[in-house]
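Below is one structure, written out as structure tokens, with a few remarks after it.
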Amino acid sequence: MRTYDLLRRALTARVSDVLPDPTPLDRMQNLSDRLSHPVFLKREDLTPVFSFKLRGAYNRITALSPDELARGVIAASAGNHAQGVAFAARKLGISCRIVMPRTTPSIKVLAVKRLGATIDLAGDSYSDAAEYCAGVARTTGAVPIPPYDDLEVIAGQGTIALEILRQAPRDLGSIFVPIGGGGLVAGIAGVVKELRPDVRVVGVQSEDSDAMKRSLAAGKRVRLDRVGIFSDGTAVKQVGEITFDICRNHVDEILTVTTDEICAGIQDAFLDTRTILEPAGALAVAGVKKAALAGLPPGPAVAIGSGANVPFAKLGYVAERAEVGQLREAIFVVTIPERPGSFLAFCEAVGERAVTEFNYRLASRAAADVFVGVEVSGPEEAAQIASRLQAGGYRCDDLSNDDFAKTHVRHMVGGRSANARNEVLYSFEFPERPGALLEFLKSLGARWNISLFHYRNHGSAYGRVLCGLEVPEEERALLRQTLDGLGFPYEDETASVAARLLIGGE
């Protein structure tokens with residue numbers, strides 16, 4: 001096992017230049033009461049750039065030689081790292097250039113610009129921006145500041161662990177840390193295991209961006225073909241070499257959580273602090289709740305609230321999904337006979353429960369398919385409702401964990417068509433930038449008729465589209481070949497229960 005001397009590096013890090021006081025460690029009283037276990041939130045959202053990234057960026061830049069400082073710094077980033085580098089450069093009076101994807105939300109571009117950095121917009125993804133950044137660095141001599149796979153960056157993030165160990169109760173049991181490329185968790189785990197090896201360090205990843213979990217399981221770094229876009233701050237296809245090595249020796253466990261669980265974590269943090277964390281910032285809160293289902297280790301748990309740079313447009317989506325993530329809303333599609341009085345009978349079968357949503361439109365003279373949301377106390381009550389409906393002779397499918405139904409179908413109930421022929425349904429993600437929709441449609445071509453189209457963007461760099469196409473059976477292999485060539489991630493949703501019952505043709 002390599003020795004990185006992280007404790008010494010963290011103790012000598014220059015972070016106090018920009019953070020003279022530790023960020024608070026606040027007790028989450030509401031969540032603690034619900035879990036019957038003390039939970040604390042480390043408030044990295046309260047730094048000058050609203051995330052922990054300032055620590056590592058500043059520590060890395062202060063380690064540069066006078067000659068390197070004179071050349072200025074450059075970094076590729078779509079968000080928090082960019083702000084950390086720009087703030088640090090302004091503090092030290094050196095030039096700074098940031099390369100961001102064209103898909104970066106304007107709130108982040110403006111935040112970096114206000115800090116005095118020169119901004120280049122290049123490509124549609126972080127990978128595109130990083131490649132462009134490397135070329136600019138070679139041409140100009142500017143010094144690249146890596147986002148996570150660097151010992152000075154990792155040591156800067158490790159100062160969070162030093163603060164927690166001073167602030168937390170002596171019987172601290174566990175620390176939950178969000179993971180993207182691994183810089184934050186490597187810094188915290190490396191320091192904690194030197195000073196308090198009894199404290200359990202748990203990494204938390206979004207289930208669709210779990211590169212570290214897969215890498216540790218494989219015993220080597222794994223590169224994901226694609227990553228989820230909701231928790232954009234941790235959407236990393238491959239973790240760092242150094243961070244992987246530190247994590248496999250010092251991280252006790254890695255949990256994955258769903259988008260709905262992340263949204264519920266954002267809600268929990270808001271209820272306790274009246275602060276809105278970004279999705280990556282709430283990963284650790286979601287992880288604490290997930291671990292509590294099996295039993296948390298003895299002693300208080302600390303969740304790292306890693307950042308609060310969330311686009312306002314994303315909040316509607318968060319609120320929409322949080323109740324399901326809290327297991328307080330169950331979503332069903334229920335088939336009822338299409339005759340007078342059947343809707344009343346169905347409502348009586350649901351009983352005196354708070355109904356959060358009803359979606360229904362006449363589509364057939366034989367039966368009606370109703371999309372219904374019901375407020376519940378947990379999954380047990382949802383199962384009881386489903387059993388009661390089925391016992392009453394209703395067909396009932398639980399869609400509470402169906403992302404496709406919650407993203408698209410619930411907004412389209414009643415849009416069934418009796419005219420579409422040979423219809424197939426595909427969901428896509430494409431870059432959210434001016435002209436992207438037109439580019440998507442041009443790439444798809446005009447060979448097949450579009451029978452359905454639903455677009456949603458929830459404040460991320462990528463939009464989500466549901467597209468219906470009329471494609472004869474003999475041409476479907478050609479369709480899949482065409483879709484593979486588009487370069488947009490896609491899923492076949494044709495056989496989905498929600499699609500078939502609520503938006504498919506008769």
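Ordered as shown in the structure tokens, chains take letters A, B, and onward, while each chain numbers its residues from 1 and ligands are numbered from 1 in the order shown.
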
Practice item. Find the residues near Leu35 in chain A: any atom within 8 Å, counting only C-alpha atoms, skip ones fewer than 4 places away on the same chain, and give them as a list in words. Key: Leu31, Lys289 and Ala292 of chain A

**Study point:** Expected answer as number ranges by chain: alpha helix (DSSP H) residues in range 127-198 of chain A
**Key:** A: 127-140, 151-167, 183-195

May I have the selected residues written with N, CA and C atoms, as a short mmCIF file (atom, residue, chain, number, x, y, z; two decimals), in the first residue's frame?
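So selection.cif came out as:
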data_model
loop_
_atom_site.label_atom_id
_atom_site.label_comp_id
_atom_site.auth_asym_id
_atom_site.auth_seq_id
_atom_site.Cartn_x
_atom_site.Cartn_y
_atom_site.Cartn_z
N SER A 127 -15.96 15.98 -20.79
CA SER A 127 -14.85 15.36 -21.53
C SER A 127 -14.40 16.25 -22.69
N ASP A 128 -15.38 16.83 -23.40
CA ASP A 128 -15.04 17.75 -24.49
C ASP A 128 -14.28 18.96 -23.96
N ALA A 129 -14.78 19.52 -22.85
CA ALA A 129 -14.14 20.70 -22.27
C ALA A 129 -12.73 20.37 -21.77
N ALA A 130 -12.56 19.19 -21.16
CA ALA A 130 -11.25 18.80 -20.65
C ALA A 130 -10.23 18.64 -21.77
N GLU A 131 -10.68 18.09 -22.90
CA GLU A 131 -9.78 17.92 -24.04
C GLU A 131 -9.36 19.28 -24.59
N TYR A 132 -10.31 20.19 -24.70
CA TYR A 132 -10.00 21.55 -25.17
C TYR A 132 -9.07 22.25 -24.19
N CYS A 133 -9.34 22.07 -22.90
CA CYS A 133 -8.52 22.69 -21.85
C CYS A 133 -7.07 22.24 -21.94
N ALA A 134 -6.86 20.94 -22.18
CA ALA A 134 -5.50 20.41 -22.28
C ALA A 134 -4.75 21.06 -23.44
N GLY A 135 -5.46 21.27 -24.55
CA GLY A 135 -4.83 21.91 -25.70
C GLY A 135 -4.45 23.36 -25.42
N VAL A 136 -5.33 24.10 -24.73
CA VAL A 136 -5.05 25.49 -24.39
C VAL A 136 -3.87 25.56 -23.42
N ALA A 137 -3.81 24.64 -22.47
CA ALA A 137 -2.71 24.63 -21.51
C ALA A 137 -1.37 24.42 -22.21
N ARG A 138 -1.35 23.51 -23.18
CA ARG A 138 -0.10 23.26 -23.92
C ARG A 138 0.32 24.49 -24.72
N THR A 139 -0.66 25.18 -25.27
CA THR A 139 -0.37 26.34 -26.11
C THR A 139 0.06 27.56 -25.30
N THR A 140 -0.57 27.79 -24.18
CA THR A 140 -0.36 29.02 -23.42
C THR A 140 0.62 28.86 -22.26
N LEU A 151 -2.68 15.15 -5.08
CA LEU A 151 -2.50 15.04 -3.63
C LEU A 151 -2.77 16.36 -2.90
N GLU A 152 -2.40 17.50 -3.49
CA GLU A 152 -2.66 18.76 -2.82
C GLU A 152 -4.15 19.09 -2.80
N VAL A 153 -4.83 18.74 -3.88
CA VAL A 153 -6.29 18.90 -3.91
C VAL A 153 -6.94 17.99 -2.86
N ILE A 154 -6.52 16.74 -2.83
CA ILE A 154 -7.08 15.78 -1.87
C ILE A 154 -6.81 16.24 -0.44
N ALA A 155 -5.61 16.74 -0.18
CA ALA A 155 -5.27 17.19 1.18
C ALA A 155 -6.12 18.39 1.58
N GLY A 156 -6.39 19.28 0.61
CA GLY A 156 -7.27 20.41 0.91
C GLY A 156 -8.65 19.94 1.33
N GLN A 157 -9.18 18.95 0.63
CA GLN A 157 -10.49 18.40 1.03
C GLN A 157 -10.38 17.68 2.37
N GLY A 158 -9.22 17.13 2.67
CA GLY A 158 -9.02 16.42 3.93
C GLY A 158 -9.13 17.31 5.15
N THR A 159 -9.00 18.65 4.96
CA THR A 159 -9.16 19.55 6.11
C THR A 159 -10.58 19.49 6.68
N ILE A 160 -11.54 19.04 5.88
CA ILE A 160 -12.91 18.85 6.37
C ILE A 160 -12.92 17.82 7.49
N ALA A 161 -12.14 16.74 7.32
CA ALA A 161 -12.08 15.70 8.34
C ALA A 161 -11.49 16.23 9.64
N LEU A 162 -10.46 17.07 9.54
CA LEU A 162 -9.87 17.65 10.76
C LEU A 162 -10.91 18.47 11.52
N GLU A 163 -11.72 19.22 10.78
CA GLU A 163 -12.75 20.04 11.43
C GLU A 163 -13.83 19.15 12.06
N ILE A 164 -14.26 18.14 11.36
CA ILE A 164 -15.31 17.25 11.89
C ILE A 164 -14.85 16.60 13.19
N LEU A 165 -13.62 16.11 13.22
CA LEU A 165 -13.13 15.42 14.41
C LEU A 165 -13.03 16.36 15.61
N ARG A 166 -12.86 17.66 15.35
CA ARG A 166 -12.86 18.64 16.46
C ARG A 166 -14.28 19.01 16.87
N GLN A 167 -15.21 19.02 15.92
CA GLN A 167 -16.55 19.52 16.17
C GLN A 167 -17.53 18.44 16.66
N GLY A 183 -12.02 12.76 -4.89
CA GLY A 183 -11.11 13.63 -4.14
C GLY A 183 -11.58 13.91 -2.72
N LEU A 184 -12.87 14.18 -2.55
CA LEU A 184 -13.42 14.49 -1.23
C LEU A 184 -13.35 13.28 -0.30
N VAL A 185 -13.82 12.15 -0.77
CA VAL A 185 -13.83 10.97 0.10
C VAL A 185 -12.41 10.48 0.39
N ALA A 186 -11.50 10.60 -0.57
CA ALA A 186 -10.12 10.19 -0.34
C ALA A 186 -9.47 11.06 0.74
N GLY A 187 -9.71 12.38 0.66
CA GLY A 187 -9.14 13.27 1.67
C GLY A 187 -9.69 13.00 3.05
N ILE A 188 -11.01 12.82 3.15
CA ILE A 188 -11.63 12.58 4.45
C ILE A 188 -11.23 11.21 5.00
N ALA A 189 -11.30 10.18 4.18
CA ALA A 189 -10.98 8.83 4.65
C ALA A 189 -9.51 8.73 5.04
N GLY A 190 -8.62 9.33 4.24
CA GLY A 190 -7.20 9.24 4.54
C GLY A 190 -6.84 9.86 5.87
N VAL A 191 -7.48 10.99 6.20
CA VAL A 191 -7.22 11.66 7.48
C VAL A 191 -7.90 10.94 8.63
N VAL A 192 -9.16 10.58 8.46
CA VAL A 192 -9.92 9.94 9.55
C VAL A 192 -9.28 8.63 9.97
N LYS A 193 -8.85 7.84 9.02
CA LYS A 193 -8.30 6.53 9.38
C LYS A 193 -6.94 6.64 10.06
N GLU A 194 -6.25 7.76 9.91
CA GLU A 194 -5.01 8.00 10.65
C GLU A 194 -5.30 8.34 12.11
N LEU A 195 -6.37 9.12 12.33
CA LEU A 195 -6.65 9.63 13.66
C LEU A 195 -7.72 8.84 14.41
#

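Candidate residues A:Glu439, A:Asp45, A:Glu423, A:Glu475 were compared for distance to Ser451 in chain A, and the nearest is A:Glu423, using only C-alpha atoms.
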
Practice item. Find the residues near Ile246 in chain A: any atom within 10 Å, counting only C-alpha atoms, skip ones fewer than 2 places away on the same chain, and give them as a PyMOL selection string. Key: chain A and resi 1-4+6+182-183+185-187+189-190+240-244+248-251

Just C-alpha atoms for this one: save the residues we selected as a PDB file, in the first residue's frame.
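The new file part_20.pdb reads:
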ATOM      1  CA  MET A   1       0.000   0.000   0.000  1.00  0.00           C
ATOM      2  CA  ARG A   2       1.375   3.383  -1.010  1.00  0.00           C
ATOM      3  CA  THR A   3       1.818   6.012   1.687  1.00  0.00           C
ATOM      4  CA  TYR A   4       0.512   9.450   0.758  1.00  0.00           C
ATOM      5  CA  LEU A   6      -2.294  12.764   3.879  1.00  0.00           C
ATOM      6  CA  GLY A 182     -13.116  10.613  -5.332  1.00  0.00           C
ATOM      7  CA  GLY A 183     -11.114  13.631  -4.137  1.00  0.00           C
ATOM      8  CA  VAL A 185     -13.830  10.968   0.104  1.00  0.00           C
ATOM      9  CA  ALA A 186     -10.116  10.187  -0.342  1.00  0.00           C
ATOM     10  CA  GLY A 187      -9.143  13.272   1.669  1.00  0.00           C
ATOM     11  CA  ALA A 189     -10.978   8.830   4.654  1.00  0.00           C
ATOM     12  CA  GLY A 190      -7.198   9.244   4.535  1.00  0.00           C
ATOM     13  CA  GLY A 240      -8.819   9.064 -10.318  1.00  0.00           C
ATOM     14  CA  GLU A 241      -5.807   6.775  -9.924  1.00  0.00           C
ATOM     15  CA  ILE A 242      -4.775   8.231  -6.571  1.00  0.00           C
ATOM     16  CA  THR A 243      -8.324   8.508  -5.249  1.00  0.00           C
ATOM     17  CA  PHE A 244      -9.051   4.893  -6.187  1.00  0.00           C
ATOM     18  CA  ARG A 248      -9.732   0.831  -1.607  1.00  0.00           C
ATOM     19  CA  ASN A 249      -7.587   1.012   1.514  1.00  0.00           C
ATOM     20  CA  HIS A 250      -9.551   3.436   3.686  1.00  0.00           C
ATOM     21  CA  VAL A 251     -13.245   3.572   2.693  1.00  0.00           C
TER      22      VAL A 251
END

Exercise for review: Identify, on the basis of only C-alpha atoms, every residue whose closest approach to Val222 in chain A does not exceed 7 Å; exclude the query and any residue fewer than 3 positions from it along the same chain; express the result as a ChimeraX atom specification.
Suggested key: /A:211,214-215,238

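Ranking A:Lys113, A:Lys290, A:Arg476, A:Arg14 by their shortest atom-to-atom distance to Arg97 in chain A, with only C-alpha atoms included, puts A:Lys113 first.
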
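For the pair CA of Thr256 in chain A and CA of Asp484 in chain A, the separation is 28.3 Å.
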
Exercise for review: Please provide the set of residues having any atom within 8 Å of Gly287 in chain A, restricted to only C-alpha atoms, with same-chain residues fewer than 3 positions apart removed, written as a PyMOL selection string.
Suggested key: chain A and resi 176+204+255-257+283-284+290-291

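Closest approach to Gly485 in chain A among A:Phe440, A:Arg456, A:Gly56, A:Gly173: A:Phe440, based on only C-alpha atoms.
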